[in-house]
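Next comes target-v4.pdb, with PDB, C-alpha atoms.
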```pdb
ATOM      1  CA  MET A   1      80.802 100.383  69.618
ATOM      2  CA  THR A   2      79.389  98.640  72.694
ATOM      3  CA  THR A   3      79.922  99.533  76.353
ATOM      4  CA  GLY A   4      79.655  95.945  77.569
ATOM      5  CA  ARG A   5      76.815  96.200  80.096
ATOM      6  CA  LEU A   6      74.897  93.421  78.285
ATOM      7  CA  THR A   7      77.783  91.804  76.437
ATOM      8  CA  GLY A   8      77.163  88.151  75.686
ATOM      9  CA  ARG A   9      73.435  88.350  76.352
ATOM     10  CA  SER A  10      70.569  87.950  73.907
ATOM     11  CA  MET A  11      67.298  89.849  74.039
ATOM     12  CA  VAL A  12      64.083  89.729  72.021
ATOM     13  CA  ILE A  13      61.992  92.901  71.792
ATOM     14  CA  THR A  14      58.487  92.420  70.441
ATOM     15  CA  GLY A  15      57.055  95.278  68.433
ATOM     16  CA  ALA A  16      60.609  96.525  68.019
ATOM     17  CA  SER A  17      59.839  98.550  64.912
ATOM     18  CA  GLY A  18      57.747 100.982  66.989
ATOM     19  CA  GLU A  19      59.239 104.041  68.665
ATOM     20  CA  ILE A  20      59.741 102.650  72.174
ATOM     21  CA  GLY A  21      60.789  99.239  70.899
ATOM     22  CA  ALA A  22      63.295 100.717  68.452
ATOM     23  CA  ALA A  23      64.786 103.001  71.106
ATOM     24  CA  THR A  24      65.188 100.013  73.418
ATOM     25  CA  ALA A  25      66.756  97.899  70.682
ATOM     26  CA  ARG A  26      69.309 100.596  69.861
ATOM     27  CA  LEU A  27      70.213 101.182  73.500
ATOM     28  CA  CYS A  28      70.558  97.531  74.479
ATOM     29  CA  ALA A  29      72.531  96.777  71.313
ATOM     30  CA  ARG A  30      74.937  99.592  72.202
ATOM     31  CA  HIS A  31      75.408  97.854  75.537
ATOM     32  CA  GLY A  32      76.394  94.638  73.825
ATOM     33  CA  ALA A  33      73.172  92.620  73.610
ATOM     34  CA  ARG A  34      72.278  90.558  70.569
ATOM     35  CA  ILE A  35      68.816  91.807  69.619
ATOM     36  CA  GLY A  36      65.883  89.935  68.148
ATOM     37  CA  VAL A  37      63.830  92.615  66.364
ATOM     38  CA  HIS A  38      60.298  91.278  66.271
ATOM     39  CA  TYR A  39      57.666  92.718  63.942
ATOM     40  CA  HIS A  40      54.297  91.703  62.544
ATOM     41  CA  ARG A  41      53.449  93.941  59.593
ATOM     42  CA  SER A  42      56.239  96.563  59.687
ATOM     43  CA  ARG A  43      58.868  94.566  57.808
ATOM     44  CA  ASP A  44      60.568  97.587  56.227
ATOM     45  CA  ALA A  45      60.924  99.402  59.551
ATOM     46  CA  ALA A  46      62.281  96.270  61.228
ATOM     47  CA  THR A  47      64.772  95.718  58.418
ATOM     48  CA  ARG A  48      65.982  99.318  58.655
ATOM     49  CA  LEU A  49      66.437  98.960  62.414
ATOM     50  CA  VAL A  50      68.462  95.766  62.009
ATOM     51  CA  GLU A  51      70.661  97.456  59.400
ATOM     52  CA  GLU A  52      71.137 100.482  61.663
ATOM     53  CA  ILE A  53      72.214  98.314  64.605
ATOM     54  CA  ARG A  54      74.592  96.301  62.452
ATOM     55  CA  ALA A  55      76.066  99.473  60.938
ATOM     56  CA  ALA A  56      76.936 100.540  64.490
ATOM     57  CA  ASN A  57      78.752  97.214  65.011
ATOM     58  CA  GLY A  58      75.839  95.695  66.913
ATOM     59  CA  SER A  59      74.107  92.366  66.393
ATOM     60  CA  ALA A  60      70.457  92.079  65.385
ATOM     61  CA  GLU A  61      68.053  89.717  63.612
ATOM     62  CA  ALA A  62      64.574  90.461  62.265
ATOM     63  CA  LEU A  63      61.873  88.034  63.423
ATOM     64  CA  ARG A  64      58.251  88.064  62.242
ATOM     65  CA  ALA A  65      55.194  86.718  64.089
ATOM     66  CA  ASP A  66      51.530  87.430  64.767
ATOM     67  CA  LEU A  67      51.530  87.409  68.565
ATOM     68  CA  SER A  68      47.801  86.698  68.789
ATOM     69  CA  ARG A  69      48.423  83.212  67.317
ATOM     70  CA  GLU A  70      49.914  80.561  69.556
ATOM     71  CA  ASP A  71      51.526  78.668  66.691
ATOM     72  CA  GLU A  72      53.336  81.788  65.497
ATOM     73  CA  VAL A  73      54.488  82.646  69.017
ATOM     74  CA  ASN A  74      55.888  79.142  69.394
ATOM     75  CA  ALA A  75      57.699  79.473  66.071
ATOM     76  CA  LEU A  76      59.016  82.922  67.052
ATOM     77  CA  VAL A  77      60.550  81.675  70.279
ATOM     78  CA  THR A  78      62.102  78.668  68.529
ATOM     79  CA  LYS A  79      63.516  80.831  65.727
ATOM     80  CA  ALA A  80      64.812  83.440  68.180
ATOM     81  CA  GLY A  81      66.658  80.793  70.166
ATOM     82  CA  ALA A  82      68.191  79.347  67.003
ATOM     83  CA  ARG A  83      69.343  82.694  65.613
ATOM     84  CA  LEU A  84      70.473  84.336  68.847
ATOM     85  CA  GLY A  85      71.937  81.242  70.478
ATOM     86  CA  HIS A  86      70.016  81.564  73.753
ATOM     87  CA  LEU A  87      67.359  83.793  75.300
ATOM     88  CA  ASP A  88      68.514  85.841  78.275
ATOM     89  CA  ALA A  89      65.873  88.580  78.158
ATOM     90  CA  TRP A  90      62.491  89.091  76.554
ATOM     91  CA  PHE A  91      60.682  92.449  76.386
ATOM     92  CA  ASN A  92      56.969  92.170  75.575
ATOM     93  CA  ASN A  93      56.702  95.643  74.118
ATOM     94  CA  ALA A  94      54.301  94.959  71.217
ATOM     95  CA  GLY A  95      50.997  96.744  71.449
ATOM     96  CA  ALA A  96      48.109  97.392  69.114
ATOM     97  CA  ASP A  97      47.699 100.997  67.974
ATOM     98  CA  ILE A  98      44.051 101.909  68.475
ATOM     99  CA  LEU A  99      44.686 105.660  68.659
ATOM    100  CA  THR A 100      46.010 106.407  65.178
ATOM    101  CA  GLY A 101      45.519 104.909  61.725
ATOM    102  CA  GLU A 102      42.721 102.581  60.643
ATOM    103  CA  ASN A 103      42.201 100.969  64.076
ATOM    104  CA  ALA A 104      41.266 104.364  65.526
ATOM    105  CA  ARG A 105      38.260 104.451  63.199
ATOM    106  CA  THR A 106      36.827 101.092  64.269
ATOM    107  CA  GLY A 107      34.135 100.523  66.896
ATOM    108  CA  ASP A 108      34.687 100.147  70.618
ATOM    109  CA  ASN A 109      34.393  96.355  70.588
ATOM    110  CA  ALA A 110      36.859  96.011  67.725
ATOM    111  CA  ARG A 111      39.424  98.227  69.454
ATOM    112  CA  LEU A 112      39.030  96.323  72.710
ATOM    113  CA  ARG A 113      39.362  92.976  70.937
ATOM    114  CA  ARG A 114      42.487  94.115  69.105
ATOM    115  CA  LEU A 115      44.174  95.308  72.296
ATOM    116  CA  LEU A 116      43.243  92.109  74.107
ATOM    117  CA  GLU A 117      44.679  89.984  71.284
ATOM    118  CA  VAL A 118      48.022  91.758  71.013
ATOM    119  CA  ASP A 119      48.760  93.436  74.339
ATOM    120  CA  LEU A 120      47.349  90.873  76.764
ATOM    121  CA  LEU A 121      47.077  87.534  74.952
ATOM    122  CA  GLY A 122      50.304  88.128  73.034
ATOM    123  CA  THR A 123      52.170  88.952  76.237
ATOM    124  CA  ILE A 124      50.818  85.888  78.032
ATOM    125  CA  LEU A 125      51.583  83.520  75.149
ATOM    126  CA  CYS A 126      55.156  84.799  74.852
ATOM    127  CA  CYS A 127      55.722  84.500  78.590
ATOM    128  CA  TRP A 128      54.321  80.983  78.794
ATOM    129  CA  LYS A 129      56.541  79.868  75.927
ATOM    130  CA  VAL A 130      59.822  81.574  76.838
ATOM    131  CA  ALA A 131      59.775  81.230  80.655
ATOM    132  CA  PRO A 132      60.222  77.414  80.675
ATOM    133  CA  LEU A 133      63.198  77.770  78.317
ATOM    134  CA  MET A 134      64.767  80.324  80.642
ATOM    135  CA  GLN A 135      64.153  78.028  83.594
ATOM    136  CA  LYS A 136      65.837  75.162  81.783
ATOM    137  CA  ALA A 137      68.796  77.404  80.903
ATOM    138  CA  GLY A 138      69.219  78.494  84.511
ATOM    139  CA  GLY A 139      67.777  82.012  84.421
ATOM    140  CA  GLY A 140      66.485  84.959  82.478
ATOM    141  CA  VAL A 141      64.557  88.212  82.570
ATOM    142  CA  ILE A 142      61.076  88.998  81.246
ATOM    143  CA  ILE A 143      59.763  92.541  81.008
ATOM    144  CA  ASN A 144      56.175  93.375  80.109
ATOM    145  CA  MET A 145      54.679  96.659  78.956
ATOM    146  CA  SER A 146      51.942  98.161  81.097
ATOM    147  CA  TRP A 147      50.509 101.701  81.335
ATOM    148  CA  ASP A 148      51.034 104.129  84.194
ATOM    149  CA  LEU A 149      47.649 105.779  83.721
ATOM    150  CA  SER A 150      45.652 102.532  83.998
ATOM    151  CA  GLY A 151      45.054 103.085  87.704
ATOM    152  CA  GLN A 152      44.216 106.784  87.545
ATOM    153  CA  GLY A 153      40.584 106.568  86.488
ATOM    154  CA  MET A 154      40.748 108.617  83.278
ATOM    155  CA  ALA A 155      37.398 109.242  81.604
ATOM    156  CA  GLY A 156      36.676 108.014  78.087
ATOM    157  CA  ARG A 157      36.253 104.806  76.152
ATOM    158  CA  ASN A 158      39.886 104.471  75.041
ATOM    159  CA  PRO A 159      41.216 104.933  78.606
ATOM    160  CA  GLU A 160      38.694 102.310  79.759
ATOM    161  CA  ILE A 161      40.009  99.878  77.150
ATOM    162  CA  PHE A 162      43.662 100.555  77.945
ATOM    163  CA  ALA A 163      43.079 100.382  81.694
ATOM    164  CA  ALA A 164      41.356  97.002  81.461
ATOM    165  CA  VAL A 165      43.995  95.461  79.219
ATOM    166  CA  LYS A 166      47.126  96.981  80.733
ATOM    167  CA  GLY A 167      45.809  96.413  84.239
ATOM    168  CA  GLY A 168      45.579  92.762  83.259
ATOM    169  CA  VAL A 169      49.204  92.813  82.100
ATOM    170  CA  THR A 170      50.346  94.189  85.460
ATOM    171  CA  ALA A 171      48.356  91.629  87.444
ATOM    172  CA  PHE A 172      49.641  88.805  85.243
ATOM    173  CA  THR A 173      53.219  90.056  85.673
ATOM    174  CA  LYS A 174      53.011  89.922  89.454
ATOM    175  CA  CYS A 175      51.645  86.368  89.388
ATOM    176  CA  LEU A 176      54.211  85.189  86.844
ATOM    177  CA  ALA A 177      57.049  86.694  88.881
ATOM    178  CA  LYS A 178      56.112  84.485  91.824
ATOM    179  CA  SER A 179      55.658  81.428  89.614
ATOM    180  CA  GLN A 180      59.073  81.829  87.946
ATOM    181  CA  ALA A 181      61.186  82.843  90.943
ATOM    182  CA  PRO A 182      63.991  82.464  91.794
ATOM    183  CA  LEU A 183      65.570  81.736  88.410
ATOM    184  CA  VAL A 184      63.553  84.064  86.174
ATOM    185  CA  ARG A 185      62.819  87.674  87.070
ATOM    186  CA  VAL A 186      59.606  89.249  85.745
ATOM    187  CA  ASN A 187      58.770  92.965  85.918
ATOM    188  CA  ASP A 188      56.811  95.488  83.920
ATOM    189  CA  VAL A 189      57.399  99.057  82.853
ATOM    190  CA  ALA A 190      54.488 101.474  82.939
ATOM    191  CA  PRO A 191      55.050 104.584  80.831
ATOM    192  CA  GLY A 192      53.031 107.711  81.391
ATOM    193  CA  TRP A 193      52.807 110.371  78.673
ATOM    194  CA  ILE A 194      55.470 109.573  76.084
ATOM    195  CA  GLU A 195      56.241 111.623  72.961
ATOM    196  CA  THR A 196      55.007 109.225  70.269
ATOM    197  CA  ALA A 197      52.825 109.590  67.169
ATOM    198  CA  PHE A 198      49.675 110.075  69.263
ATOM    199  CA  ALA A 199      51.146 113.059  71.104
ATOM    200  CA  ARG A 200      52.480 114.599  67.898
ATOM    201  CA  GLU A 201      49.607 113.923  65.522
ATOM    202  CA  VAL A 202      46.372 113.445  67.470
ATOM    203  CA  MET A 203      46.561 115.213  70.821
ATOM    204  CA  SER A 204      45.491 118.848  70.805
ATOM    205  CA  ARG A 205      48.143 121.425  71.604
ATOM    206  CA  GLU A 206      46.096 122.615  74.581
ATOM    207  CA  TYR A 207      45.921 119.136  76.080
ATOM    208  CA  TYR A 208      49.627 118.585  75.405
ATOM    209  CA  GLU A 209      50.580 121.786  77.234
ATOM    210  CA  ASP A 210      48.259 120.896  80.108
ATOM    211  CA  VAL A 211      50.024 117.552  80.549
ATOM    212  CA  VAL A 212      53.415 119.289  80.547
ATOM    213  CA  GLN A 213      52.287 121.788  83.172
ATOM    214  CA  LYS A 214      50.940 119.029  85.438
ATOM    215  CA  THR A 215      54.084 116.898  85.129
ATOM    216  CA  PRO A 216      56.690 117.698  87.796
ATOM    217  CA  LEU A 217      59.546 117.202  85.320
ATOM    218  CA  GLN A 218      57.799 119.624  82.931
ATOM    219  CA  ARG A 219      57.952 117.565  79.738
ATOM    220  CA  PHE A 220      56.655 114.493  77.959
ATOM    221  CA  GLY A 221      58.794 111.422  78.259
ATOM    222  CA  ALA A 222      60.863 110.260  75.294
ATOM    223  CA  PRO A 223      60.995 106.667  74.036
ATOM    224  CA  GLU A 224      64.591 106.653  75.262
ATOM    225  CA  ASP A 225      63.376 107.253  78.817
ATOM    226  CA  VAL A 226      61.436 103.997  78.695
ATOM    227  CA  ALA A 227      64.400 102.262  77.058
ATOM    228  CA  GLN A 228      66.643 103.269  79.965
ATOM    229  CA  ALA A 229      64.232 101.693  82.443
ATOM    230  CA  VAL A 230      64.179  98.478  80.411
ATOM    231  CA  LEU A 231      67.975  98.430  80.213
ATOM    232  CA  PHE A 232      68.168  98.715  83.993
ATOM    233  CA  LEU A 233      65.686  95.884  84.547
ATOM    234  CA  VAL A 234      67.536  93.623  82.110
ATOM    235  CA  SER A 235      70.934  94.396  83.618
ATOM    236  CA  ARG A 236      72.505  92.669  86.587
ATOM    237  CA  GLU A 237      72.078  95.846  88.604
ATOM    238  CA  ALA A 238      68.419  94.790  88.934
ATOM    239  CA  ASP A 239      69.145  91.214  90.061
ATOM    240  CA  PHE A 240      67.104  91.654  93.271
ATOM    241  CA  ILE A 241      64.064  93.186  91.566
ATOM    242  CA  THR A 242      61.097  91.066  90.461
ATOM    243  CA  GLY A 243      57.310  91.397  90.451
ATOM    244  CA  GLN A 244      57.563  95.188  90.276
ATOM    245  CA  THR A 245      56.072  97.926  88.125
ATOM    246  CA  ILE A 246      58.560 100.622  87.157
ATOM    247  CA  ARG A 247      56.659 103.825  86.376
ATOM    248  CA  VAL A 248      58.228 106.123  83.782
ATOM    249  CA  ASN A 249      55.958 109.133  84.186
ATOM    250  CA  GLY A 250      57.961 112.232  85.077
ATOM    251  CA  GLY A 251      56.341 112.268  88.518
ATOM    252  CA  LEU A 252      52.788 112.809  87.241
ATOM    253  CA  VAL A 253      50.127 111.275  89.463
ATOM    254  CA  SER A 254      46.388 111.789  89.580
TER     255      SER A 254
END
```

Let me see whether you can do it: turn the structure in this file into C-alpha cells.
Amino acid sequence: MTTGRLTGRSMVITGASGEIGAATARLCARHGARIGVHYHRSRDAATRLVEEIRAANGSAEALRADLSREDEVNALVTKAGARLGHLDAWFNNAGADILTGENARTGDNARLRRLLEVDLLGTILCCWKVAPLMQKAGGGVIINMSWDLSGQGMAGRNPEIFAAVKGGVTAFTKCLAKSQAPLVRVNDVAPGWIETAFAREVMSREYYEDVVQKTPLQRFGAPEDVAQAVLFLVSREADFITGQTIRVNGGLVS
C-alpha cells in the first residue's frame, strides 16, 4: 500500500540490489514511485527485490547495465524510459565494493581503477545521458552518492581511494547542478558510517565500538537512514534544494 508522496513518478536506482539501494527502492515504492531496479551482476538479488516490491502492491522493473560502458548506460536510460514511461528521478547509488569479496584482495591500482570506473565514470555517464531527457520533459531530480568521510583526512590507502573518487562525485554534482538549473535539481547524499557488510564482516569490534562512542547519535546509520534522505531530496518538499550535499552521519565530524 502506497502513501502517495511520490505517486505518479518514476525513479531509477542504480546498484539497487545493494543494501542502501534496496532500502531506497522499498521506501520510494511504498510512497508510490515506479522503480527501475538497476543491477550489473546481482541478477538474483534484483529479481527478488522487484518481486518483493510488487508483492507489496508497488511497481518495479529490473534493468541490467555495466555503468562503466557508455553504450550500456545509453541502453539503460532508453530501456528505463520505455518501461517506466518517463524519468522523474535518478539515484546514482551504484558503487564498486573494494572492501569485501574478491576486489578487496586486488592491488591498490586495481581498486582505484574499479572505483573510478563505477562510482565516478558511471555516475557521470548516467547524468550526461539522463539530464537532457529530463530537461526536454520539463524537469527532474538527480541524486548522486558521495561519502561523508572524504573530507576528513582519514589515513590509509582505501580512504585515499574513496576520498579521491567520492570527492570527485561531489565536485561534479555541484557543477552539474548549476548547468541543469532551473529545470533539473542535482544533489548528493554523503553517508558516514552505515551498517553494511563491511561493518558487520570486516571491521573489528573495537573499531566499531569506537565509532559508536564518537558519534553523537551513538549508533551506526542504517541503510534506511540514507533512504529517507534520498526520499526527501526526490520529493517536492525539496523543490528549492539543488547543488547540496546532504550528510547522513549521525553528527560525527573529525

Problem set entry | For Met203 in chain A, the nearest of the candidates A:Thr242, A:Thr47, A:Thr24, A:Thr100, counting all atoms listed in the file |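 Looking only at the distances to Met203 in chain A, the closest residue turns out to be A:Thr100.
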
Problem set entry | Distance criterion (only C-alpha atoms): nearest to Lys166 in chain A out of A:Gly36, A:Gly8, A:Gly15, A:Gly95 |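 Looking only at the distances to Lys166 in chain A, the closest residue turns out to be A:Gly95.
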
Taking every listed atom of range 201-220 of chain A and adding 5 Å to each side, what centre and edge lengths in Å (one decimal) does the axis-aligned box have, as lines of an AutoDock Vina configuration file?
```
center_x = 52.5
center_y = 118.0
center_z = 76.7
size_x = 24.1
size_y = 19.2
size_z = 32.3
```

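Once the PyMOL selection byres ((chain A and resi 79) around 12) is applied to this file, the selection holds Val12, Gly36, Val37, His38, Glu61, Ala62, Leu63, Arg64, Ala65, Glu72, Val73, Asn74, Ala75, Leu76, Val77, Thr78, Ala80, Gly81, Ala82, Arg83, Leu84, Gly85, His86, Leu87 and Val130 of chain A.
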
Problem set entry | Residue nearest Glu19 in chain A - candidates A:Gly156, A:Gly168, A:Gly138, A:Pro223, atoms counted: all atoms listed in the file | A:Pro223

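The coordinates place CA of Ser146 in chain A at 16.1 Å from CA of Ala222 in chain A.
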
For this session: Just the residues within 8 Å of Arg9 in chain A, please, counting only C-alpha atoms, with nothing from its chain fewer than 4 positions along; format it as an NGL selection string.
Result: :A and (32-34 or 87-89)

Mind dumping the selected residues with C-alpha atoms as a CSV table (one decimal), keeping the file's coordinate frame?
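Output saved as result_0.csv:
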```
chain,number,residue,atom,x,y,z
A,32,GLY,CA,76.4,94.6,73.8
A,33,ALA,CA,73.2,92.6,73.6
A,34,ARG,CA,72.3,90.6,70.6
A,87,LEU,CA,67.4,83.8,75.3
A,88,ASP,CA,68.5,85.8,78.3
A,89,ALA,CA,65.9,88.6,78.2
```

Problem set entry | Near-Asp225 in chain A list (10 Å; only C-alpha atoms; drop same-chain fewer than 5 positions) as a PyMOL selection string | chain A and resi 20+23-24+191+194+220+230+248-250

For this session: Could you tell me which of A:Gly122, A:Gly4, A:Gly221, A:Gly167 comes closest to Leu67 in chain A if we count all atoms listed in the file?
Result: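 Answer, going by the shortest atom-to-atom distance: A:Gly122.
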
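Counting all atoms listed in the file and comparing A:Arg247, A:Arg48, A:Arg69, A:Arg26, the residue that lies closest to Thr123 in chain A is A:Arg69.
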
Seminar exercise, completed: A straight line from CA of Lys174 in chain A to CA of Gln244 in chain A spans 7.0 Å

Problem set entry | Best match for closeness to Phe162 in chain A among A:Ile124, A:Ile142, A:Glu206, A:Arg114, counting only C-alpha atoms | A:Arg114

Problem set entry | Separation of CA of Gly18 in chain A from CA of Glu209 in chain A in Å | 24.3 Å

For this session: For Asp239 in chain A, list every protein, DNA or RNA residue within 12 Å, evaluated using all atoms listed in the file, and leave out those in the same chain fewer than 3 positions away; present the list as a PyMOL selection string.
Result: chain A and resi 139-141+181-187+232-236+242-243

Problem set entry | Expected selection from the PyMOL selection byres ((chain A and resi 93) around 7), given as a list of chain:residue names |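 Here the PyMOL selection byres ((chain A and resi 93) around 7) matches A:Ile13, A:Thr14, A:Gly15, A:Gly21, A:Phe91, A:Asn92, A:Ala94, A:Gly95, A:Asn144, A:Met145.
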